[in-house]
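Trainee: For reference, this is structure.cif, and it has mmCIF, C-alpha atoms and all ligand atoms.
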data_target
#
loop_
_atom_site.group_PDB
_atom_site.id
_atom_site.type_symbol
_atom_site.label_atom_id
_atom_site.label_comp_id
_atom_site.auth_asym_id
_atom_site.auth_seq_id
_atom_site.Cartn_x
_atom_site.Cartn_y
_atom_site.Cartn_z
ATOM 1 C CA MET A 90 111.472 132.989 80.518
ATOM 2 C CA ILE A 91 114.795 131.266 80.224
ATOM 3 C CA GLU A 92 115.654 128.018 78.520
ATOM 4 C CA PRO A 93 116.054 125.036 80.839
ATOM 5 C CA ALA A 94 119.632 124.990 82.050
ATOM 6 C CA ILE A 95 121.879 122.536 83.807
ATOM 7 C CA ILE A 96 123.604 123.855 86.919
ATOM 8 C CA GLU A 97 126.920 122.184 87.618
ATOM 9 C CA ASN A 98 128.305 121.430 91.094
ATOM 10 C CA PHE A 99 125.019 122.248 92.730
ATOM 11 C CA LEU A 100 126.093 121.175 96.197
ATOM 12 C CA GLY A 101 129.509 121.500 97.744
ATOM 13 C CA ASN A 102 131.476 118.277 98.137
ATOM 14 C CA LEU A 103 130.638 117.918 101.803
ATOM 15 C CA GLU A 104 127.013 118.812 101.204
ATOM 16 C CA LEU A 105 126.728 116.203 98.486
ATOM 17 C CA LYS A 106 128.374 113.454 100.467
ATOM 18 C CA THR A 107 126.339 114.280 103.548
ATOM 19 C CA ALA A 108 123.088 114.308 101.637
ATOM 20 C CA ILE A 109 123.823 111.049 99.793
ATOM 21 C CA ASP A 110 124.818 109.319 103.026
ATOM 22 C CA TYR A 111 121.742 110.648 104.776
ATOM 23 C CA TYR A 112 119.305 109.367 102.165
ATOM 24 C CA LYS A 113 121.061 106.017 101.880
ATOM 25 C CA LYS A 114 120.106 105.436 105.482
ATOM 26 C CA ILE A 115 116.448 105.848 104.639
ATOM 27 C CA SER A 116 115.101 102.572 103.386
ATOM 28 C CA ASN A 117 112.502 102.269 100.676
ATOM 29 C CA ASP A 118 109.897 100.991 103.087
ATOM 30 C CA ALA A 119 110.252 104.132 105.206
ATOM 31 C CA MET A 120 108.985 106.198 102.305
ATOM 32 C CA HIS A 121 105.766 106.524 100.408
ATOM 33 C CA TYR A 122 105.689 104.363 97.310
ATOM 34 C CA ASP A 123 104.364 105.973 94.193
ATOM 35 C CA ASP A 124 103.350 102.827 92.389
ATOM 36 C CA ALA A 125 102.378 104.521 89.126
ATOM 37 C CA ARG A 126 105.825 105.957 88.660
ATOM 38 C CA LYS A 127 107.768 103.266 90.514
ATOM 39 C CA ARG A 128 109.460 105.637 92.889
ATOM 40 C CA TYR A 129 109.737 106.285 96.614
ATOM 41 C CA ILE A 130 109.127 109.807 97.821
ATOM 42 C CA LEU A 131 109.831 111.784 100.931
ATOM 43 C CA ASN A 132 109.305 115.267 102.293
ATOM 44 C CA ASP A 133 111.971 115.788 104.936
ATOM 45 C CA PRO A 134 114.072 118.448 106.667
ATOM 46 C CA VAL A 135 117.217 117.804 104.663
ATOM 47 C CA SER A 136 115.624 118.444 101.306
ATOM 48 C CA HIS A 137 113.871 121.443 102.840
ATOM 49 C CA THR A 138 117.185 122.742 104.101
ATOM 50 C CA ILE A 139 118.745 122.448 100.697
ATOM 51 C CA LEU A 140 115.727 124.272 99.309
ATOM 52 C CA ILE A 141 116.300 127.173 101.652
ATOM 53 C CA SER A 142 120.065 127.226 101.364
ATOM 54 C CA LYS A 143 119.856 127.500 97.568
ATOM 55 C CA LEU A 144 117.522 130.481 97.588
ATOM 56 C CA GLU A 145 120.098 132.912 96.256
ATOM 57 C CA LEU A 146 121.189 130.476 93.588
ATOM 58 C CA ALA A 147 117.569 130.030 92.535
ATOM 59 C CA ARG A 148 117.071 133.789 92.363
ATOM 60 C CA LYS A 149 120.158 134.215 90.263
ATOM 61 C CA THR A 150 119.299 131.294 88.004
ATOM 62 C CA PHE A 151 115.771 132.456 87.262
ATOM 63 C CA GLY A 152 116.521 136.171 87.338
ATOM 64 C CA SER A 153 114.092 136.990 90.119
ATOM 65 C CA ASP A 154 115.028 138.878 93.266
ATOM 66 C CA THR A 155 111.732 138.053 94.882
ATOM 67 C CA LEU A 156 111.111 134.319 94.463
ATOM 68 C CA LEU A 157 110.725 132.300 97.650
ATOM 69 C CA PRO A 158 111.064 128.626 98.592
ATOM 70 C CA THR A 159 107.869 126.591 98.598
ATOM 71 C CA TYR A 160 108.624 122.916 99.089
ATOM 72 C CA ALA A 161 111.110 120.155 98.365
ATOM 73 C CA VAL A 162 110.765 116.441 97.752
ATOM 74 C CA TYR A 163 113.259 113.613 97.698
ATOM 75 C CA SER A 164 112.414 111.015 95.072
ATOM 76 C CA ARG A 165 114.062 107.637 94.520
ATOM 77 C CA TYR A 166 113.102 105.985 91.263
ATOM 78 C CA VAL A 167 113.738 102.248 91.341
ATOM 79 C CA GLY A 168 113.385 100.480 88.014
ATOM 80 C CA PRO A 169 112.381 98.667 86.015
ATOM 81 C CA GLY A 170 109.205 100.456 85.094
ATOM 82 C CA SER A 171 109.927 103.876 86.560
ATOM 83 C CA ASN A 172 108.491 106.682 84.509
ATOM 84 C CA LEU A 173 107.193 110.195 84.624
ATOM 85 C CA GLU A 174 104.233 111.079 82.479
ATOM 86 C CA LYS A 175 104.251 114.183 80.348
ATOM 87 C CA HIS A 176 102.830 116.899 82.566
ATOM 88 C CA LYS A 177 102.966 120.379 83.975
ATOM 89 C CA ASP A 178 102.950 120.742 87.734
ATOM 90 C CA ASP A 179 99.836 122.040 89.397
ATOM 91 C CA ASN A 180 101.362 123.215 92.620
ATOM 92 C CA ALA A 181 103.853 125.800 93.840
ATOM 93 C CA CYS A 182 106.436 124.899 91.207
ATOM 94 C CA THR A 183 106.834 128.114 89.255
ATOM 95 C CA TYR A 184 110.578 127.685 89.422
ATOM 96 C CA THR A 185 111.947 124.176 89.645
ATOM 97 C CA LEU A 186 115.424 122.862 90.280
ATOM 98 C CA ASP A 187 115.667 119.102 89.793
ATOM 99 C CA LEU A 188 118.831 117.954 91.504
ATOM 100 C CA CYS A 189 120.325 114.586 90.622
ATOM 101 C CA LEU A 190 121.718 113.319 93.898
ATOM 102 C CA ASP A 191 123.031 109.964 92.784
ATOM 103 C CA GLN A 192 122.144 107.312 90.248
ATOM 104 C CA THR A 193 123.202 104.019 88.756
ATOM 105 C CA ILE A 194 122.249 105.047 85.237
ATOM 106 C CA GLN A 195 121.859 108.244 83.233
ATOM 107 C CA TRP A 196 118.138 108.579 82.699
ATOM 108 C CA PRO A 197 117.142 111.525 80.522
ATOM 109 C CA ILE A 198 114.534 114.031 81.579
ATOM 110 C CA TRP A 199 112.661 115.850 78.851
ATOM 111 C CA VAL A 200 111.473 119.438 79.052
ATOM 112 C CA GLU A 201 109.468 120.866 76.186
ATOM 113 C CA ASP A 202 110.745 118.305 73.679
ATOM 114 C CA LYS A 203 114.379 118.666 74.595
ATOM 115 C CA GLU A 204 116.363 115.950 76.320
ATOM 116 C CA TYR A 205 118.570 116.644 79.325
ATOM 117 C CA ILE A 206 120.959 114.166 80.883
ATOM 118 C CA LEU A 207 122.028 114.805 84.440
ATOM 119 C CA ASP A 208 124.949 113.437 86.399
ATOM 120 C CA SER A 209 125.226 113.406 90.150
ATOM 121 C CA ASN A 210 125.273 116.925 91.583
ATOM 122 C CA GLN A 211 123.863 118.535 88.462
ATOM 123 C CA ALA A 212 120.487 120.251 88.638
ATOM 124 C CA LEU A 213 118.096 121.112 85.852
ATOM 125 C CA ALA A 214 116.402 124.512 86.116
ATOM 126 C CA TYR A 215 113.035 124.911 84.409
ATOM 127 C CA TYR A 216 109.494 126.176 84.935
ATOM 128 C CA GLY A 217 107.518 123.302 86.427
ATOM 129 C CA ASN A 218 104.125 124.968 86.079
ATOM 130 C CA ASP A 219 104.647 126.176 82.537
ATOM 131 C CA GLN A 220 106.882 123.673 80.809
ATOM 132 C CA GLU A 221 105.915 120.107 80.051
ATOM 133 C CA HIS A 222 108.370 117.630 81.486
ATOM 134 C CA TRP A 223 108.591 113.852 81.523
ATOM 135 C CA ARG A 224 110.786 110.771 81.397
ATOM 136 C CA GLU A 225 110.587 107.705 79.247
ATOM 137 C CA ASN A 226 110.132 104.292 80.804
ATOM 138 C CA LEU A 227 113.197 103.089 82.701
ATOM 139 C CA GLU A 228 113.625 99.532 81.542
ATOM 140 C CA THR A 229 116.493 98.424 83.740
ATOM 141 C CA SER A 230 116.809 97.685 87.453
ATOM 142 C CA ASP A 231 118.537 100.961 88.121
ATOM 143 C CA THR A 232 118.071 103.609 90.761
ATOM 144 C CA VAL A 233 117.930 107.363 90.269
ATOM 145 C CA SER A 234 117.725 109.618 93.318
ATOM 146 C CA MET A 235 116.541 113.172 92.859
ATOM 147 C CA ILE A 236 115.636 116.152 94.997
ATOM 148 C CA PHE A 237 112.982 118.456 93.566
ATOM 149 C CA LEU A 238 113.307 122.022 94.779
ATOM 150 C CA HIS A 239 110.445 124.411 94.112
ATOM 151 C CA TYR A 240 110.134 128.181 94.362
ATOM 152 C CA ALA A 241 107.448 130.725 93.577
ATOM 153 C CA GLU A 242 106.799 134.453 93.722
ATOM 154 C CA PRO A 243 105.385 135.922 96.951
ATOM 155 C CA ASP A 244 101.975 136.464 95.353
ATOM 156 C CA HIS A 245 101.601 132.762 94.594
ATOM 157 C CA TRP A 246 98.588 131.155 96.315
ATOM 158 C CA TRP A 247 100.991 128.911 98.211
ATOM 159 C CA PHE A 248 101.818 131.762 100.540
ATOM 160 C CA SER A 249 98.317 133.105 101.034
ATOM 161 C CA ASN A 250 95.903 130.206 100.732
ATOM 162 C CA LYS A 251 96.749 127.716 103.428
ATOM 163 C CA GLU A 252 93.516 125.896 102.878
ATOM 164 C CA LYS A 253 94.387 125.179 99.285
ATOM 165 C CA ARG A 254 97.900 124.319 100.313
ATOM 166 C CA GLY A 255 96.500 121.787 102.721
ATOM 167 C CA LYS A 256 94.384 120.202 100.038
ATOM 168 C CA PHE A 257 97.465 119.577 98.025
ATOM 169 C CA THR A 258 99.099 117.657 100.815
ATOM 170 C CA GLY A 259 99.898 114.139 99.850
ATOM 171 C CA ARG A 260 99.116 114.441 96.213
ATOM 172 C CA HIS A 261 101.174 114.701 93.161
ATOM 173 C CA ASN A 262 99.490 117.620 91.594
ATOM 174 C CA HIS A 263 99.930 117.257 87.943
ATOM 175 C CA HIS A 264 98.113 118.479 84.959
ATOM 176 C CA ASN A 265 98.618 115.261 83.144
ATOM 177 C CA THR A 266 98.864 116.091 79.500
ATOM 178 C CA ASN A 267 98.989 112.504 78.302
ATOM 179 C CA SER A 268 96.053 110.895 80.002
ATOM 180 C CA ASP A 269 93.529 111.421 82.727
ATOM 181 C CA THR A 270 95.210 109.106 85.199
ATOM 182 C CA LYS A 271 95.667 111.777 87.787
ATOM 183 C CA SER A 272 97.155 110.240 90.843
ATOM 184 C CA LYS A 273 95.223 110.006 94.079
ATOM 185 C CA ARG A 274 97.496 108.898 96.820
ATOM 186 C CA PRO A 275 96.798 109.080 100.493
ATOM 187 C CA PHE A 276 99.669 110.544 102.349
ATOM 188 C CA SER A 277 101.645 108.295 104.618
ATOM 189 C CA VAL A 278 105.246 109.322 104.405
ATOM 190 C CA GLY A 279 106.148 111.736 107.121
ATOM 191 C CA LYS A 280 105.255 109.916 110.265
ATOM 192 C CA ARG A 281 107.122 106.785 109.439
ATOM 193 C CA VAL A 282 110.133 108.775 108.459
ATOM 194 C CA LEU A 283 109.891 111.380 111.144
ATOM 195 C CA VAL A 284 109.888 108.861 113.931
ATOM 196 C CA LYS A 285 108.770 105.343 114.577
ATOM 197 C CA THR A 286 107.112 106.108 117.879
ATOM 198 C CA ASP A 287 104.252 108.289 118.968
ATOM 199 C CA SER A 288 106.379 110.139 121.472
ATOM 200 C CA GLU A 289 106.487 113.859 120.816
ATOM 201 C CA ILE A 290 109.893 114.044 122.421
ATOM 202 C CA MET A 291 111.262 111.422 120.108
ATOM 203 C CA GLU A 292 109.900 113.290 117.148
ATOM 204 C CA LYS A 293 111.816 116.336 118.197
ATOM 205 C CA VAL A 294 114.964 114.348 118.776
ATOM 206 C CA TYR A 295 114.687 112.814 115.367
ATOM 207 C CA LEU A 296 114.138 116.208 113.801
ATOM 208 C CA ASP A 297 117.107 117.628 115.618
ATOM 209 C CA GLU A 298 119.203 114.732 114.426
ATOM 210 C CA ASN A 299 118.353 115.640 110.895
ATOM 211 C CA ILE A 300 119.268 119.204 111.542
ATOM 212 C CA TYR A 301 122.473 118.111 113.166
ATOM 213 C CA ILE A 302 123.380 116.110 110.109
ATOM 214 C CA ILE A 303 122.913 119.021 107.795
ATOM 215 C CA LYS A 304 124.325 121.779 109.932
ATOM 216 C CA ASN A 305 127.750 120.915 108.644
ATOM 217 C CA PHE A 306 127.092 122.795 105.511
ATOM 218 C CA ILE A 307 124.482 125.489 105.940
ATOM 219 C CA HIS A 308 124.396 128.732 107.847
ATOM 220 C CA PRO A 309 122.984 128.513 111.392
ATOM 221 C CA ASP A 310 120.292 131.007 110.462
ATOM 222 C CA ASP A 311 119.084 128.621 107.829
ATOM 223 C CA ILE A 312 118.925 125.795 110.330
ATOM 224 C CA ASP A 313 116.708 127.962 112.476
ATOM 225 C CA LYS A 314 114.481 128.635 109.507
ATOM 226 C CA VAL A 315 114.134 124.938 108.847
ATOM 227 C CA LEU A 316 113.337 124.186 112.450
ATOM 228 C CA ILE A 317 110.781 126.952 112.555
ATOM 229 C CA ASP A 318 109.226 125.856 109.298
ATOM 230 C CA PHE A 319 108.894 122.277 110.370
ATOM 231 C CA LYS A 320 108.043 122.814 113.996
ATOM 232 C CA ASP A 321 105.281 125.229 113.118
ATOM 233 C CA SER A 322 104.209 123.419 110.032
ATOM 234 C CA GLU A 323 100.726 122.107 110.110
ATOM 235 C CA ASN A 324 101.676 119.848 107.287
ATOM 236 C CA TRP A 325 104.682 118.486 109.067
ATOM 237 C CA GLU A 326 102.605 117.713 112.129
ATOM 238 C CA LYS A 327 100.042 116.082 109.955
ATOM 239 C CA ASN A 328 102.821 114.169 108.292
ATOM 240 C CA GLY A 329 102.274 116.086 105.133
ATOM 241 C CA VAL A 330 104.258 115.629 102.032
ATOM 242 C CA PHE A 331 104.244 117.779 98.969
ATOM 243 C CA ILE A 332 105.125 116.073 95.809
HETATM 244 FE FE FE B 1 106.543 117.650 87.731
#
What would the structure in this file look like if it were written as structure tokens?
Mentor:
Amino acid sequence: MIEPAIIENFLGNLELKTAIDYYKKISNDAMHYDDARKRYILNDPVSHTILISKLELARKTFGSDTLLPTYAVYSRYVGPGSNLEKHKDDNACTYTLDLCLDQTIQWPIWVEDKEYILDSNQALAYYGNDQEHWRENLETSDTVSMIFLHYAEPDHWWFSNKEKRGKFTGRHNHHNTNSDTKSKRPFSVGKRVLVKTDSEIMEKVYLDENIYIIKNFIHPDDIDKVLIDFKDSENWEKNGVFI
């Protein structure tokens, strides 16, 4: 176990700019609104691509040669009233990298009673399943955009128990250590974001557009992995989001 650590310059300059520009084009109403925490959330190919492309960095950071990507989520907190209850994750979040994409205020995140302040393009590495993490109430009308990147060892149930994985779709799976207000949110993100028509062809086009956007900064093999993951993903087809 390592202490939580801040990783500087997480994305390259082009990566960062591309990712910020990409998410700016996605309006709040195209995402799922997490009313309890006052944030908009999204499971999408760009965050998934970043997840995959940072595999080696994650392995180095956590000192594991075997960890694998599980899922990624983009999250846009829009205050006032945004918050994150004290909790441990109850999903495939053994290893977590919380990337601050951009923000209009520095809003501390706490891990195991220690405060961390992130700037744009800094990521906080910690153990989402084992370490309590939270944020205090955001009292101002500010915006903080994050990408949560999660990894786990190959023997994690995520990789073997697809049924359980499916059950987690669309939920924020927390062990809430402050209260029993465990969130129950129906999933509704992916379809609206993936495409605004029922046409299968359009869905593919939209997906390819996403891949096109990000192929400026990742290896072609990684693009293929993303396409394969999402094309074959039951959860993607079901508009699944993992939070
Ligand atoms: Fe969490």
Trainee: Could you give me, as a tab-separated table, a per-residue list for stretch 152-256 of chain A showing, wherever an atom lies at most 7 Å from an atom of stretch 92-103 of chain A, the closest pair of atoms and their distance in Å to one decimal, using only C-alpha atoms and sorting by chain then residue number from low to high?
Mentor:
residue	atom	partner	partner_atom	distance
A:Asn210	CA	A:Phe99	CA	5.5
A:Gln211	CA	A:Glu97	CA	4.8
A:Ala212	CA	A:Ile96	CA	5.1
A:Leu213	CA	A:Ile95	CA	4.5
A:Ala214	CA	A:Ala94	CA	5.2
A:Tyr215	CA	A:Pro93	CA	4.7
Trainee: For the atom pair atom CA of A:Arg224 and atom CA of A:Asn172, what is the interatomic distance in Å to one decimal place?
Mentor: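 Rounded to one decimal, the two atoms are 5.6 Å apart.
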Trainee: For atom CA of A:Glu204 and atom CA of A:His137, quote the distance in Å rounded to one decimal.
Mentor: 27.2 Å
Trainee: Within 12 Å of stretch 109-111 of chain A, counting all atoms listed in the file, which residues show up once you throw out same-chain ones fewer than 2 positions away? Write them as a PyMOL selection string, please.
Mentor: chain A and resi 100+102-107+113-116+133-136+163+165+188-192+209-210+233-236+298-303
Trainee: Kindly work out which residues sit at most 7 Å from ligand FE 1 (chain B), using only C-alpha atoms and all ligand atoms, and give the list as a PDB file with C-alpha atoms, keeping the file's coordinate frame.
Mentor:
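Writing the result to pocket32.pdb gives the following:
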ATOM      1  CA  HIS A 176     102.830 116.899  82.566  1.00  0.00           C
ATOM      2  CA  LYS A 177     102.966 120.379  83.975  1.00  0.00           C
ATOM      3  CA  ASP A 178     102.950 120.742  87.734  1.00  0.00           C
ATOM      4  CA  GLY A 217     107.518 123.302  86.427  1.00  0.00           C
ATOM      5  CA  HIS A 222     108.370 117.630  81.486  1.00  0.00           C
ATOM      6  CA  HIS A 263      99.930 117.257  87.943  1.00  0.00           C
TER       7      HIS A 263
END
Trainee: Apply the PyMOL selection byres (((chain A and resi 144) around 10) and not hetatm) to the displayed file and report the matching residues as a list in words.
Mentor: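 Output from the PyMOL selection byres (((chain A and resi 144) around 10) and not hetatm), applied to this file: Ile139, Leu140, Ile141, Ser142, Lys143, Glu145, Leu146, Ala147, Arg148, Lys149, Thr150, Asp154, Thr155, Leu156, Leu157, Pro158, Leu238, His239 and Tyr240 of chain A.
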Trainee: In Å, how far is it from atom CA of A:Pro197 to atom CA of A:Ala161?
Mentor: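 One can read the atom CA of A:Pro197 to atom CA of A:Ala161 distance as 20.7 Å.
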Trainee: For A:Tyr166, please output as a list of chain:residue names all residues within 10 Å (counting all atoms listed in the file; exclusion window: fewer than 5 positions along the same chain).
Mentor: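 After dropping sequence-adjacent residues, the list is A:Tyr122, A:Asp123, A:Arg126, A:Lys127, A:Arg128, A:Tyr129, A:Ile130, A:Ser171, A:Asn172, A:Leu173, A:Gln192, A:Leu227, A:Ser230, A:Asp231, A:Thr232, A:Val233, A:Ser234, A:Met235.
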Trainee: Please produce a file of those selected residues containing C-alpha atoms, as a compact mmCIF listing (two decimals), in the coordinates of the input.
Mentor:
# COMPACT_ATOMS: atom_id res chain seq x y z
CA TYR A 122 105.69 104.36 97.31
CA ASP A 123 104.36 105.97 94.19
CA ARG A 126 105.82 105.96 88.66
CA LYS A 127 107.77 103.27 90.51
CA ARG A 128 109.46 105.64 92.89
CA TYR A 129 109.74 106.28 96.61
CA ILE A 130 109.13 109.81 97.82
CA SER A 171 109.93 103.88 86.56
CA ASN A 172 108.49 106.68 84.51
CA LEU A 173 107.19 110.20 84.62
CA GLN A 192 122.14 107.31 90.25
CA LEU A 227 113.20 103.09 82.70
CA SER A 230 116.81 97.68 87.45
CA ASP A 231 118.54 100.96 88.12
CA THR A 232 118.07 103.61 90.76
CA VAL A 233 117.93 107.36 90.27
CA SER A 234 117.72 109.62 93.32
CA MET A 235 116.54 113.17 92.86
Trainee: Counting only C-alpha atoms, which residue out of A:Tyr216, A:Glu225, A:Glu201, A:Phe237 sits closest to A:Leu131?
Mentor: A:Phe237
